[in-house]
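Shown next: my_file-v2.tsv, given as TSV, C-alpha atoms.
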```tsv
chain	number	residue	atom	x	y	z
Z	1	MET	CA	6.34	-7.12	-32.99
Z	2	ASN	CA	3.50	-6.85	-35.49
Z	3	GLU	CA	1.13	-4.84	-33.35
Z	4	ILE	CA	0.70	-1.12	-33.76
Z	5	PRO	CA	-0.31	1.04	-30.79
Z	6	ASN	CA	-3.60	2.89	-31.04
Z	7	THR	CA	-5.71	5.37	-29.14
Z	8	ASN	CA	-8.98	3.41	-29.39
Z	9	TYR	CA	-9.24	2.91	-25.64
Z	10	ILE	CA	-8.45	6.56	-24.92
Z	11	LYS	CA	-11.09	7.69	-27.43
Z	12	GLN	CA	-13.63	5.34	-25.93
Z	13	LEU	CA	-12.91	6.71	-22.45
Z	14	ALA	CA	-13.02	10.29	-23.71
Z	15	ASN	CA	-16.59	9.75	-24.87
Z	16	GLY	CA	-16.21	12.62	-27.32
Z	17	SER	CA	-14.20	14.89	-25.05
Z	18	SER	CA	-11.15	15.92	-27.06
Z	19	GLU	CA	-10.04	17.84	-23.98
Z	20	PHE	CA	-9.77	14.62	-21.95
Z	21	GLU	CA	-8.15	12.81	-24.88
Z	22	GLN	CA	-5.44	15.45	-25.08
Z	23	HIS	CA	-5.07	15.59	-21.30
Z	24	LEU	CA	-4.48	11.83	-21.02
Z	25	ILE	CA	-2.05	11.77	-23.94
Z	26	GLU	CA	-0.06	14.58	-22.32
Z	27	ILE	CA	0.17	12.61	-19.08
Z	28	ILE	CA	1.29	9.47	-20.92
Z	29	LYS	CA	3.87	11.50	-22.85
Z	30	ARG	CA	5.22	12.79	-19.57
Z	31	GLU	CA	5.03	9.61	-17.49
Z	32	PHE	CA	6.13	7.04	-20.06
Z	33	PRO	CA	9.70	8.30	-20.74
Z	34	ALA	CA	10.32	8.70	-16.99
Z	35	GLU	CA	9.12	5.17	-16.27
Z	36	LYS	CA	11.12	3.80	-19.21
Z	37	GLU	CA	14.23	5.50	-17.84
Z	38	GLN	CA	13.54	4.14	-14.35
Z	39	PHE	CA	13.21	0.67	-15.83
Z	40	PHE	CA	16.56	0.88	-17.64
Z	41	SER	CA	18.24	2.28	-14.58
Z	42	SER	CA	16.95	-0.52	-12.33
Z	43	TYR	CA	17.68	-3.13	-14.97
Z	44	ARG	CA	21.25	-1.93	-15.45
Z	45	GLN	CA	21.80	-2.09	-11.70
Z	46	GLU	CA	20.30	-5.58	-11.68
Z	47	ASN	CA	17.72	-4.33	-9.23
Z	48	HIS	CA	15.12	-6.88	-10.27
Z	49	LYS	CA	12.64	-5.86	-7.59
Z	50	ASP	CA	12.41	-2.24	-8.76
Z	51	ALA	CA	12.53	-3.30	-12.41
Z	52	THR	CA	9.56	-5.62	-11.77
Z	53	GLU	CA	7.57	-2.80	-10.16
Z	54	ILE	CA	8.19	-0.50	-13.11
Z	55	VAL	CA	7.28	-3.20	-15.64
Z	56	HIS	CA	4.07	-3.56	-13.68
Z	57	LYS	CA	3.36	0.15	-14.17
Z	58	LEU	CA	4.38	0.14	-17.83
Z	59	LYS	CA	2.07	-2.81	-18.38
Z	60	ASN	CA	-0.89	-0.50	-17.76
Z	61	LYS	CA	0.27	1.94	-20.44
Z	62	ILE	CA	0.90	-0.90	-22.87
Z	63	SER	CA	-2.70	-2.01	-22.48
Z	64	ILE	CA	-4.05	1.55	-22.66
Z	65	LEU	CA	-2.34	1.88	-26.03
Z	66	GLY	CA	-4.04	-1.26	-27.30
Z	67	LEU	CA	-1.05	-3.61	-27.48
Z	68	GLU	CA	-2.65	-6.92	-26.54
Z	69	GLU	CA	0.28	-9.10	-27.52
Z	70	GLY	CA	2.65	-6.57	-25.97
Z	71	TYR	CA	0.65	-6.67	-22.76
Z	72	GLN	CA	1.01	-10.45	-22.56
Z	73	ILE	CA	4.76	-10.15	-23.12
Z	74	ALA	CA	4.93	-7.58	-20.32
Z	75	VAL	CA	2.93	-9.86	-17.99
Z	76	ASN	CA	5.34	-12.72	-18.68
Z	77	PHE	CA	8.38	-10.48	-18.41
Z	78	GLU	CA	7.17	-9.23	-15.03
Z	79	LYS	CA	6.87	-12.85	-13.85
Z	80	GLU	CA	10.32	-13.63	-15.25
Z	81	LEU	CA	11.91	-10.67	-13.49
Z	82	LYS	CA	10.46	-11.76	-10.18
Z	83	ASN	CA	12.53	-14.91	-10.64
Z	84	LYS	CA	15.54	-12.86	-11.81
Z	85	LYS	CA	15.25	-14.14	-15.37
Z	86	THR	CA	15.40	-11.86	-18.39
Z	87	SER	CA	14.82	-13.87	-21.57
Z	88	LEU	CA	11.97	-11.56	-22.65
Z	89	TYR	CA	14.04	-8.41	-22.26
Z	90	PRO	CA	14.64	-7.91	-26.04
Z	91	LYS	CA	10.93	-8.27	-26.81
Z	92	PHE	CA	10.00	-5.93	-23.98
Z	93	ILE	CA	12.44	-3.28	-25.17
Z	94	LEU	CA	10.92	-3.49	-28.61
Z	95	ILE	CA	7.51	-2.74	-27.11
Z	96	LEU	CA	8.88	0.29	-25.25
Z	97	GLU	CA	10.51	1.60	-28.42
Z	98	THR	CA	7.32	1.10	-30.41
Z	99	ILE	CA	5.36	3.07	-27.82
Z	100	GLU	CA	7.97	5.80	-27.69
Z	101	ASP	CA	7.77	6.27	-31.47
Z	102	PHE	CA	4.00	6.23	-31.36
Z	103	ILE	CA	3.53	8.80	-28.61
Z	104	SER	CA	6.15	11.13	-30.05
Z	105	ASN	CA	3.85	11.49	-33.06
Z	106	LEU	CA	0.67	12.10	-31.10
L	1	MET	CA	-21.07	9.58	-2.94
L	2	ASN	CA	-17.81	11.28	-2.17
L	3	CYS	CA	-14.72	9.38	-3.26
L	4	ILE	CA	-10.97	9.65	-3.38
L	5	ILE	CA	-8.50	8.05	-5.79
L	6	VAL	CA	-5.19	6.56	-4.70
L	7	ASP	CA	-2.74	5.47	-7.37
L	8	ASP	CA	0.92	6.23	-7.91
L	9	GLU	CA	0.33	6.47	-11.67
L	10	GLU	CA	-1.06	9.78	-12.86
L	11	THR	CA	-2.41	8.09	-15.99
L	12	ALA	CA	-4.45	5.69	-13.89
L	13	ARG	CA	-5.81	8.51	-11.72
L	14	ALA	CA	-6.83	10.56	-14.75
L	15	ILE	CA	-8.73	7.55	-16.16
L	16	ILE	CA	-10.64	7.03	-12.92
L	17	VAL	CA	-11.49	10.72	-12.70
L	18	GLN	CA	-12.86	10.54	-16.24
L	19	LEU	CA	-14.91	7.44	-15.42
L	20	CYS	CA	-16.26	9.08	-12.26
L	21	LYS	CA	-17.44	12.07	-14.32
L	22	GLN	CA	-19.72	9.71	-16.17
L	23	VAL	CA	-21.51	8.64	-12.99
L	24	ASP	CA	-24.24	10.75	-11.42
L	25	ASN	CA	-23.73	11.58	-7.75
L	26	LEU	CA	-20.12	10.44	-7.67
L	27	ASN	CA	-17.87	13.25	-6.61
L	28	VAL	CA	-14.06	12.97	-6.68
L	29	VAL	CA	-12.93	14.91	-3.61
L	30	LYS	CA	-9.20	14.37	-3.96
L	31	GLU	CA	-6.50	12.32	-5.69
L	32	PHE	CA	-3.40	10.90	-4.01
L	33	SER	CA	-0.24	9.47	-5.49
L	34	ASN	CA	0.54	7.51	-2.33
L	35	ALA	CA	-1.35	5.81	0.47
L	36	ILE	CA	0.31	7.70	3.34
L	37	GLU	CA	-1.18	11.01	2.23
L	38	ALA	CA	-4.54	9.33	1.75
L	39	ILE	CA	-4.43	7.90	5.29
L	40	LYS	CA	-3.80	11.37	6.74
L	41	PHE	CA	-6.72	12.70	4.73
L	42	LEU	CA	-9.06	9.87	5.75
L	43	ASN	CA	-8.23	10.39	9.40
L	44	ASN	CA	-9.90	13.78	9.16
L	45	GLU	CA	-12.47	13.53	6.40
L	46	LYS	CA	-15.53	11.40	5.88
L	47	ILE	CA	-15.40	9.65	2.52
L	48	ASP	CA	-17.82	7.07	1.13
L	49	LEU	CA	-15.64	5.29	-1.37
L	50	VAL	CA	-11.94	4.83	-2.12
L	51	PHE	CA	-10.56	3.74	-5.47
L	52	SER	CA	-7.13	2.38	-4.72
L	53	ASP	CA	-4.38	0.69	-6.66
L	54	ILE	CA	-2.75	-2.32	-4.99
L	55	HIS	CA	0.80	-2.15	-6.32
L	56	MET	CA	2.26	1.07	-5.02
L	57	PRO	CA	5.87	1.59	-3.97
L	58	GLY	CA	6.56	1.38	-0.24
L	59	PHE	CA	3.02	1.17	1.00
L	60	THR	CA	0.74	-1.15	-0.96
L	61	GLY	CA	-3.02	-1.01	-1.28
L	62	PHE	CA	-3.33	-3.84	1.24
L	63	ASP	CA	-1.07	-2.02	3.71
L	64	PHE	CA	-3.32	0.99	3.18
L	65	ILE	CA	-6.52	-0.95	3.92
L	66	GLN	CA	-5.08	-2.56	7.04
L	67	THR	CA	-3.95	0.79	8.38
L	68	LEU	CA	-7.33	2.52	8.40
L	69	LYS	CA	-9.23	2.73	11.66
L	70	ASN	CA	-12.69	3.11	10.11
L	71	PRO	CA	-12.31	2.13	6.49
L	72	PRO	CA	-14.81	3.39	3.95
L	73	LYS	CA	-15.87	1.20	1.03
L	74	PHE	CA	-13.03	0.24	-1.29
L	75	ILE	CA	-12.87	-0.57	-4.95
L	76	LEU	CA	-9.44	-1.91	-5.80
L	77	THR	CA	-8.03	-1.15	-9.22
L	78	THR	CA	-5.06	-3.16	-10.40
L	79	SER	CA	-3.24	-4.70	-13.34
L	80	ASP	CA	-2.77	-7.84	-11.30
L	81	ARG	CA	-5.46	-10.47	-11.77
L	82	ASN	CA	-4.13	-12.71	-9.02
L	83	LEU	CA	-4.96	-10.77	-5.87
L	84	ALA	CA	-8.76	-10.90	-5.93
L	85	LEU	CA	-9.01	-13.64	-3.31
L	86	GLU	CA	-6.86	-11.70	-0.88
L	87	ALA	CA	-8.75	-8.49	-1.66
L	88	PHE	CA	-12.14	-9.93	-0.83
L	89	GLU	CA	-10.94	-11.08	2.57
L	90	TYR	CA	-11.61	-7.50	3.64
L	91	ASP	CA	-15.28	-6.87	4.34
L	92	PHE	CA	-15.20	-3.34	3.02
L	93	VAL	CA	-13.61	-4.23	-0.34
L	94	ILE	CA	-16.62	-4.33	-2.57
L	95	ASP	CA	-15.06	-4.74	-5.98
L	96	TYR	CA	-11.85	-5.55	-7.77
L	97	LEU	CA	-11.33	-3.96	-11.16
L	98	VAL	CA	-8.59	-5.04	-13.54
L	99	LYS	CA	-6.89	-2.33	-15.59
L	100	PRO	CA	-7.47	-1.06	-18.20
L	101	LEU	CA	-10.80	-0.08	-16.71
L	102	SER	CA	-13.89	-0.12	-18.89
L	103	LEU	CA	-16.91	2.08	-18.27
L	104	PRO	CA	-19.47	-0.79	-18.02
L	105	ARG	CA	-17.36	-2.68	-15.47
L	106	PHE	CA	-16.63	0.53	-13.56
L	107	LEU	CA	-20.36	1.36	-13.39
L	108	LYS	CA	-21.08	-2.11	-12.06
L	109	GLY	CA	-18.58	-1.55	-9.26
L	110	VAL	CA	-19.99	1.84	-8.34
L	111	LYS	CA	-23.50	0.39	-8.30
L	112	LYS	CA	-22.31	-2.26	-5.85
L	113	ALA	CA	-20.84	0.49	-3.70
L	114	GLU	CA	-24.15	2.28	-3.62
L	115	LYS	CA	-25.96	-0.85	-2.52
L	116	PHE	CA	-23.35	-2.00	-0.10
L	117	SER	CA	-24.24	-1.61	3.52
L	118	LEU	CA	-21.02	-1.26	5.38
L	119	LYS	CA	-20.34	-3.88	8.00
L	120	SER	CA	-17.88	-3.41	10.82
L	121	PRO	CA	-14.61	-4.84	9.66
L	122	ALA	CA	-14.26	-8.28	11.17
L	123	ASN	CA	-10.54	-8.03	11.35
L	124	SER	CA	-10.34	-4.67	13.06
L	125	LYS	CA	-8.73	-4.91	16.44
L	126	ASN	CA	-9.89	-3.33	19.63
L	127	PHE	CA	-7.03	-1.50	21.21
L	128	ASP	CA	-8.90	-0.55	24.34
L	129	ASN	CA	-8.11	-3.66	26.23
L	130	GLU	CA	-8.52	-2.43	29.77
L	131	ASN	CA	-7.59	-5.80	31.23
L	132	LYS	CA	-4.07	-5.37	30.04
L	133	THR	CA	-3.67	-2.07	31.79
L	134	ASN	CA	-2.21	-2.76	35.16
L	135	SER	CA	-3.93	-0.61	37.78
L	136	ASP	CA	-0.72	0.89	39.15
L	137	HIS	CA	1.21	0.65	35.87
L	138	THR	CA	3.94	-1.54	37.24
L	139	LEU	CA	5.49	-4.83	36.32
L	140	TYR	CA	7.54	-7.10	38.58
L	141	ILE	CA	10.39	-9.05	37.05
L	142	ASN	CA	12.38	-11.84	38.64
L	143	ILE	CA	16.11	-11.27	38.69
L	144	ASP	CA	18.33	-13.41	40.94
L	145	ARG	CA	15.32	-14.34	43.09
L	146	ARG	CA	14.46	-10.70	43.64
L	147	LEU	CA	11.25	-9.22	42.33
L	148	ILE	CA	12.12	-5.89	40.85
L	149	LYS	CA	9.43	-3.33	40.21
L	150	ILE	CA	9.45	-1.53	36.87
L	151	ALA	CA	7.20	1.34	35.87
L	152	ILE	CA	5.61	0.01	32.71
L	153	LEU	CA	5.60	3.32	30.92
L	154	SER	CA	9.35	3.73	31.51
L	155	ILE	CA	9.93	0.70	29.26
L	156	TYR	CA	10.74	1.82	25.76
L	157	LEU	CA	11.89	-1.43	24.20
L	158	ILE	CA	11.80	-5.18	24.75
L	159	GLU	CA	14.13	-7.30	22.72
L	160	ALA	CA	14.01	-11.10	22.42
L	161	LYS	CA	17.32	-12.95	22.52
L	162	GLY	CA	16.83	-16.70	22.46
L	163	ASP	CA	15.19	-17.80	25.72
L	164	TYR	CA	15.70	-14.36	27.25
L	165	ILE	CA	14.27	-10.90	26.80
L	166	THR	CA	15.97	-7.60	27.48
L	167	ILE	CA	13.70	-4.94	28.90
L	168	LYS	CA	15.07	-1.48	28.25
L	169	THR	CA	13.80	1.36	30.41
L	170	ASP	CA	14.67	5.03	30.65
L	171	LYS	CA	17.07	4.27	33.51
L	172	LYS	CA	18.25	0.71	33.23
L	173	ASN	CA	18.17	-2.48	31.16
L	174	TYR	CA	17.08	-5.85	32.56
L	175	THR	CA	17.60	-9.28	31.02
L	176	VAL	CA	15.18	-11.96	32.20
L	177	HIS	CA	14.28	-15.50	31.26
L	178	SER	CA	10.98	-15.03	29.44
L	179	THR	CA	9.42	-14.63	26.01
L	180	LEU	CA	8.01	-11.69	24.09
L	181	LYS	CA	4.64	-13.41	24.05
L	182	LYS	CA	4.52	-13.62	27.86
L	183	ILE	CA	5.48	-10.01	28.46
L	184	GLU	CA	3.22	-8.78	25.68
L	185	GLU	CA	0.26	-10.16	27.66
L	186	LYS	CA	1.26	-8.02	30.66
L	187	LEU	CA	1.56	-4.76	28.75
L	188	PRO	CA	-1.19	-2.32	27.76
L	189	ASN	CA	-1.67	-2.82	24.03
L	190	THR	CA	-2.64	0.81	23.65
L	191	VAL	CA	0.97	1.73	24.33
L	192	PHE	CA	3.07	-1.26	23.33
L	193	LEU	CA	3.28	-2.84	19.93
L	194	LYS	CA	5.19	-5.79	18.56
L	195	VAL	CA	6.81	-4.40	15.43
L	196	HIS	CA	9.05	-7.36	14.67
L	197	ARG	CA	9.28	-10.96	15.85
L	198	SER	CA	12.12	-9.90	18.15
L	199	TYR	CA	10.93	-6.48	19.30
L	200	ILE	CA	8.11	-4.83	21.22
L	201	ILE	CA	8.24	-1.05	21.36
L	202	ASN	CA	6.56	1.63	23.43
L	203	ILE	CA	4.97	3.72	20.70
L	204	GLN	CA	4.98	6.79	22.95
L	205	LYS	CA	8.77	6.70	22.93
L	206	ILE	CA	9.23	6.72	19.16
L	207	ILE	CA	11.54	9.49	18.01
L	208	ASP	CA	11.11	8.94	14.30
L	209	ILE	CA	10.18	6.40	11.70
L	210	GLU	CA	12.05	5.88	8.50
L	211	ASP	CA	11.18	3.32	5.85
L	212	ASN	CA	11.10	0.03	7.70
L	213	SER	CA	12.63	1.06	11.00
L	214	VAL	CA	11.84	3.15	14.07
L	215	LEU	CA	14.22	5.11	16.23
L	216	ILE	CA	13.60	4.69	19.95
L	217	ALA	CA	16.15	6.30	22.30
L	218	LYS	CA	19.39	5.29	20.57
L	219	ASP	CA	18.04	2.04	19.17
L	220	VAL	CA	17.07	1.62	15.55
L	221	ILE	CA	14.47	-1.12	15.47
L	222	PRO	CA	13.35	-2.96	12.33
L	223	VAL	CA	9.65	-2.99	11.55
L	224	SER	CA	8.51	-6.08	9.73
L	225	ARG	CA	6.32	-5.63	6.69
L	226	SER	CA	3.37	-7.42	8.29
L	227	ASN	CA	3.47	-5.22	11.41
L	228	ARG	CA	3.94	-1.90	9.63
L	229	PRO	CA	0.24	-1.23	8.91
L	230	GLU	CA	-0.58	-1.76	12.59
L	231	LEU	CA	2.12	0.70	13.58
L	232	MET	CA	0.91	3.29	11.07
L	233	LYS	CA	-2.63	2.86	12.37
L	234	ARG	CA	-1.52	3.80	15.86
L	235	LEU	CA	0.20	7.02	14.85
L	236	ASN	CA	-1.47	10.35	15.03
L	237	LEU	CA	-0.51	11.41	11.53
L	238	LEU	CA	-0.86	15.05	10.55
```

Mind turning this structure into structure tokens?
Amino acid sequence: MNEIPNTNYIKQLANGSSEFEQHLIEIIKREFPAEKEQFFSSYRQENHKDATEIVHKLKNKISILGLEEGYQIAVNFEKELKNKKTSLYPKFILILETIEDFISNL
Amino acid sequence: MNCIIVDDEETARAIIVQLCKQVDNLNVVKEFSNAIEAIKFLNNEKIDLVFSDIHMPGFTGFDFIQTLKNPPKFILTTSDRNLALEAFEYDFVIDYLVKPLSLPRFLKGVKKAEKFSLKSPANSKNFDNENKTNSDHTLYINIDRRLIKIAILSIYLIEAKGDYITIKTDKKNYTVHSTLKKIEEKLPNTVFLKVHRSYIINIQKIIDIEDNSVLIAKDVIPVSRSNRPELMKRLNLL
């Protein structure tokens, strides 16, 4: 994956409020690892329905962090999972790892 | 305008709160992480506008909309681009915003909400159907050429089994040759509700509700997804 996450969208939303910027980042830092864990847990149990729902949620965070290509992969992976297919799993994992690295440095 | 936000994702709620702060006269009264809590709140409070996600675990945004007796205006917020047609089938859904939300698009939606004059929902059902309330609250069923009188309110469950239905009352069960559709027409729809293609229940006899089933007497009855909003609408939720 060539894309690098960014906080452009968050800054735009913040409209100069560093308080909001920090608040939203804190929420993402808290929610993202829990959702990632839920995804792995559902995926391991081959619970495609739950895994699909969590990918749907993660998709929002992927777009918030400016990953356009990553977002498209997540959209396609969500569709795949609905049909119990998983060919995009490696690419999706890479996106999650990229985000994890990025937010740990925020 | 007073609004509430319903989304299972805290990130999404925080973004909407921030966007609302940038609109004059738009006051966020409360946030909810699930639709059930929002329904309880809306049953007691007057709200002008609801921002609601569609994909929420258990109870979706559409379930939420269908459950409300007097729905306020809705702006749906979702990552799913494919549900707009379904969303706009509801008269009180005035906009459909795709995440991530941008301020210009959000403002456009709020402006629509301000202009929108709320119509009575076309698909809301009238439960006060007096014609279905038998004057002496009894029903006669034909068993072995005898017409047996049953007190309607003693019926707690009707179960379809092929060409027959079993009527379960507090005292006795009766199996008769009929259909759920036929008996449903004879019952007051303020009290009875079809919760599944094979079951009509007396909602006054519900002991508890768990996920997609209700407990009535000793019977656990499945509630189909399409009938669940109707059931939730009938309950006096605290």

Enumerate, in order of chain and increasing residue number, the residues of chain Z with an atom no farther than 7 Å from chain L, each with its shortest atom pair and distance in Å to one decimal, counting all atoms listed in the file, as a tab-separated table.
```
residue	atom	partner	partner_atom	distance
Z:Leu24	CA	L:Thr11	CA	6.6
Z:Ile27	CA	L:Thr11	CA	6.1
Z:Ile28	CA	L:Thr11	CA	6.3
Z:Asn60	CA	L:Ser79	CA	6.5
Z:Ser63	CA	L:Pro100	CA	6.5
Z:Ile64	CA	L:Pro100	CA	6.2
```

Once 3 Å is added on each side, what centre and edge lengths in Å to one decimal does the axis-aligned box around all listed atoms of range 84-94 of chain Z have, as JSON?
```
{"center_x": 12.8, "center_y": -8.7, "center_z": -20.2, "size_x": 11.5, "size_y": 16.9, "size_z": 22.8}
```

So how many Å separate CA of Asn2 in chain L and CA of Val50 in chain L, to one decimal?
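Answer for the CA of Asn2 in chain L to CA of Val50 in chain L separation: 8.7 Å.
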
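One distance worth recording is that between CA of Ile103 in chain Z and CA of Lys85 in chain Z, which is 29.0 Å.
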
Can you list, as a CSV table (one decimal) with C-alpha atoms, keeping the file's coordinate frame, every protein, DNA or RNA residue that comes within 12 Å of Gln22 in chain Z when you count only C-alpha atoms, leaving out same-chain residues fewer than 2 positions away?
```
chain,number,residue,atom,x,y,z
Z,7,THR,CA,-5.7,5.4,-29.1
Z,10,ILE,CA,-8.4,6.6,-24.9
Z,11,LYS,CA,-11.1,7.7,-27.4
Z,13,LEU,CA,-12.9,6.7,-22.4
Z,14,ALA,CA,-13.0,10.3,-23.7
Z,16,GLY,CA,-16.2,12.6,-27.3
Z,17,SER,CA,-14.2,14.9,-25.0
Z,18,SER,CA,-11.2,15.9,-27.1
Z,19,GLU,CA,-10.0,17.8,-24.0
Z,20,PHE,CA,-9.8,14.6,-22.0
Z,24,LEU,CA,-4.5,11.8,-21.0
Z,25,ILE,CA,-2.0,11.8,-23.9
Z,26,GLU,CA,-0.1,14.6,-22.3
Z,27,ILE,CA,0.2,12.6,-19.1
Z,28,ILE,CA,1.3,9.5,-20.9
Z,29,LYS,CA,3.9,11.5,-22.8
Z,103,ILE,CA,3.5,8.8,-28.6
Z,106,LEU,CA,0.7,12.1,-31.1
L,14,ALA,CA,-6.8,10.6,-14.8
```

Kindly indicate which residue among L:Thr77, L:Thr190, L:Ser224, L:Asn202 lies nearest to Gly109 in chain L, using all atoms listed in the file for the distances.
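Of the candidates, the smallest distance to Gly109 in chain L is held by L:Thr77.
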
Can you tell me, as a PDB file with C-alpha atoms, keeping the file's coordinate frame, what residues are no more than 8 Å from Glu78 in chain Z when counting all atoms listed in the file, ignoring any on the same chain fewer than 2 positions away?
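And here's part.pdb as it stands now:
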```pdb
ATOM      1  CA  THR Z  52       9.560  -5.620 -11.770  1.00  0.00           C
ATOM      2  CA  VAL Z  55       7.280  -3.200 -15.640  1.00  0.00           C
ATOM      3  CA  HIS Z  56       4.070  -3.560 -13.680  1.00  0.00           C
ATOM      4  CA  ALA Z  74       4.930  -7.580 -20.320  1.00  0.00           C
ATOM      5  CA  VAL Z  75       2.930  -9.860 -17.990  1.00  0.00           C
ATOM      6  CA  ASN Z  76       5.340 -12.720 -18.680  1.00  0.00           C
ATOM      7  CA  GLU Z  80      10.320 -13.630 -15.250  1.00  0.00           C
ATOM      8  CA  LEU Z  81      11.910 -10.670 -13.490  1.00  0.00           C
ATOM      9  CA  LYS Z  82      10.460 -11.760 -10.180  1.00  0.00           C
TER      10      LYS Z  82
END
```

Name all residues at most 9 Å from range 167-184 of chain L (count all atoms listed in the file; drop same-chain ones fewer than 2 positions away) and give them as a compact mmCIF listing (two decimals) with C-alpha atoms, keeping the file's coordinate frame.
```
# COMPACT_ATOMS: atom_id res chain seq x y z
CA ILE L 141 10.39 -9.05 37.05
CA ASN L 142 12.38 -11.84 38.64
CA ILE L 143 16.11 -11.27 38.69
CA ILE L 150 9.45 -1.53 36.87
CA ALA L 151 7.20 1.34 35.87
CA ILE L 152 5.61 0.01 32.71
CA LEU L 153 5.60 3.32 30.92
CA SER L 154 9.35 3.73 31.51
CA ILE L 155 9.93 0.70 29.26
CA TYR L 156 10.74 1.82 25.76
CA LEU L 157 11.89 -1.43 24.20
CA ILE L 158 11.80 -5.18 24.75
CA GLU L 159 14.13 -7.30 22.72
CA ALA L 160 14.01 -11.10 22.42
CA LYS L 161 17.32 -12.95 22.52
CA GLY L 162 16.83 -16.70 22.46
CA ASP L 163 15.19 -17.80 25.72
CA TYR L 164 15.70 -14.36 27.25
CA ILE L 165 14.27 -10.90 26.80
CA LYS L 186 1.26 -8.02 30.66
CA LEU L 187 1.56 -4.76 28.75
CA PRO L 188 -1.19 -2.32 27.76
CA ASN L 189 -1.67 -2.82 24.03
CA PHE L 192 3.07 -1.26 23.33
CA LEU L 193 3.28 -2.84 19.93
CA LYS L 194 5.19 -5.79 18.56
CA ARG L 197 9.28 -10.96 15.85
CA SER L 198 12.12 -9.90 18.15
CA TYR L 199 10.93 -6.48 19.30
CA ILE L 200 8.11 -4.83 21.22
CA ALA L 217 16.15 6.30 22.30
```

For CA of Ser52 in chain L and CA of Glu35 in chain Z, determine how far apart the two atoms are, in Å to one decimal place.
20.1 Å

Please list as a PDB file with C-alpha atoms, in the frame of the given file every residue within 12 Å of Pro33 in chain Z, counting all atoms listed in the file and excluding residues in the same chain fewer than 2 positions away.
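Produced file selection_21.pdb, reproduced below:
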```
ATOM      1  CA  GLU Z  26      -0.060  14.580 -22.320  1.00  0.00           C
ATOM      2  CA  ILE Z  27       0.170  12.610 -19.080  1.00  0.00           C
ATOM      3  CA  ILE Z  28       1.290   9.470 -20.920  1.00  0.00           C
ATOM      4  CA  LYS Z  29       3.870  11.500 -22.850  1.00  0.00           C
ATOM      5  CA  ARG Z  30       5.220  12.790 -19.570  1.00  0.00           C
ATOM      6  CA  GLU Z  31       5.030   9.610 -17.490  1.00  0.00           C
ATOM      7  CA  GLU Z  35       9.120   5.170 -16.270  1.00  0.00           C
ATOM      8  CA  LYS Z  36      11.120   3.800 -19.210  1.00  0.00           C
ATOM      9  CA  GLU Z  37      14.230   5.500 -17.840  1.00  0.00           C
ATOM     10  CA  GLN Z  38      13.540   4.140 -14.350  1.00  0.00           C
ATOM     11  CA  PHE Z  39      13.210   0.670 -15.830  1.00  0.00           C
ATOM     12  CA  PHE Z  40      16.560   0.880 -17.640  1.00  0.00           C
ATOM     13  CA  ILE Z  54       8.190  -0.500 -13.110  1.00  0.00           C
ATOM     14  CA  LEU Z  58       4.380   0.140 -17.830  1.00  0.00           C
ATOM     15  CA  LYS Z  61       0.270   1.940 -20.440  1.00  0.00           C
ATOM     16  CA  LEU Z  96       8.880   0.290 -25.250  1.00  0.00           C
ATOM     17  CA  GLU Z  97      10.510   1.600 -28.420  1.00  0.00           C
ATOM     18  CA  ILE Z  99       5.360   3.070 -27.820  1.00  0.00           C
ATOM     19  CA  GLU Z 100       7.970   5.800 -27.690  1.00  0.00           C
ATOM     20  CA  ASP Z 101       7.770   6.270 -31.470  1.00  0.00           C
ATOM     21  CA  ILE Z 103       3.530   8.800 -28.610  1.00  0.00           C
ATOM     22  CA  SER Z 104       6.150  11.130 -30.050  1.00  0.00           C
TER      23      SER Z 104
END
```

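Distances to Lys233 in chain L were evaluated for L:Val28, L:Ile203, L:Ala84, L:Val23 using all atoms listed in the file, and the minimum falls at L:Ile203.
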
Every residue with an atom at most 9 Å from (3.9, -5.1, -26.3) (file coordinates; only C-alpha atoms) is what I'm after, so could you write them as an MDAnalysis selection string?
chainID Z and resid 1 3 5 59 62:63 66:74 91:96 98:99
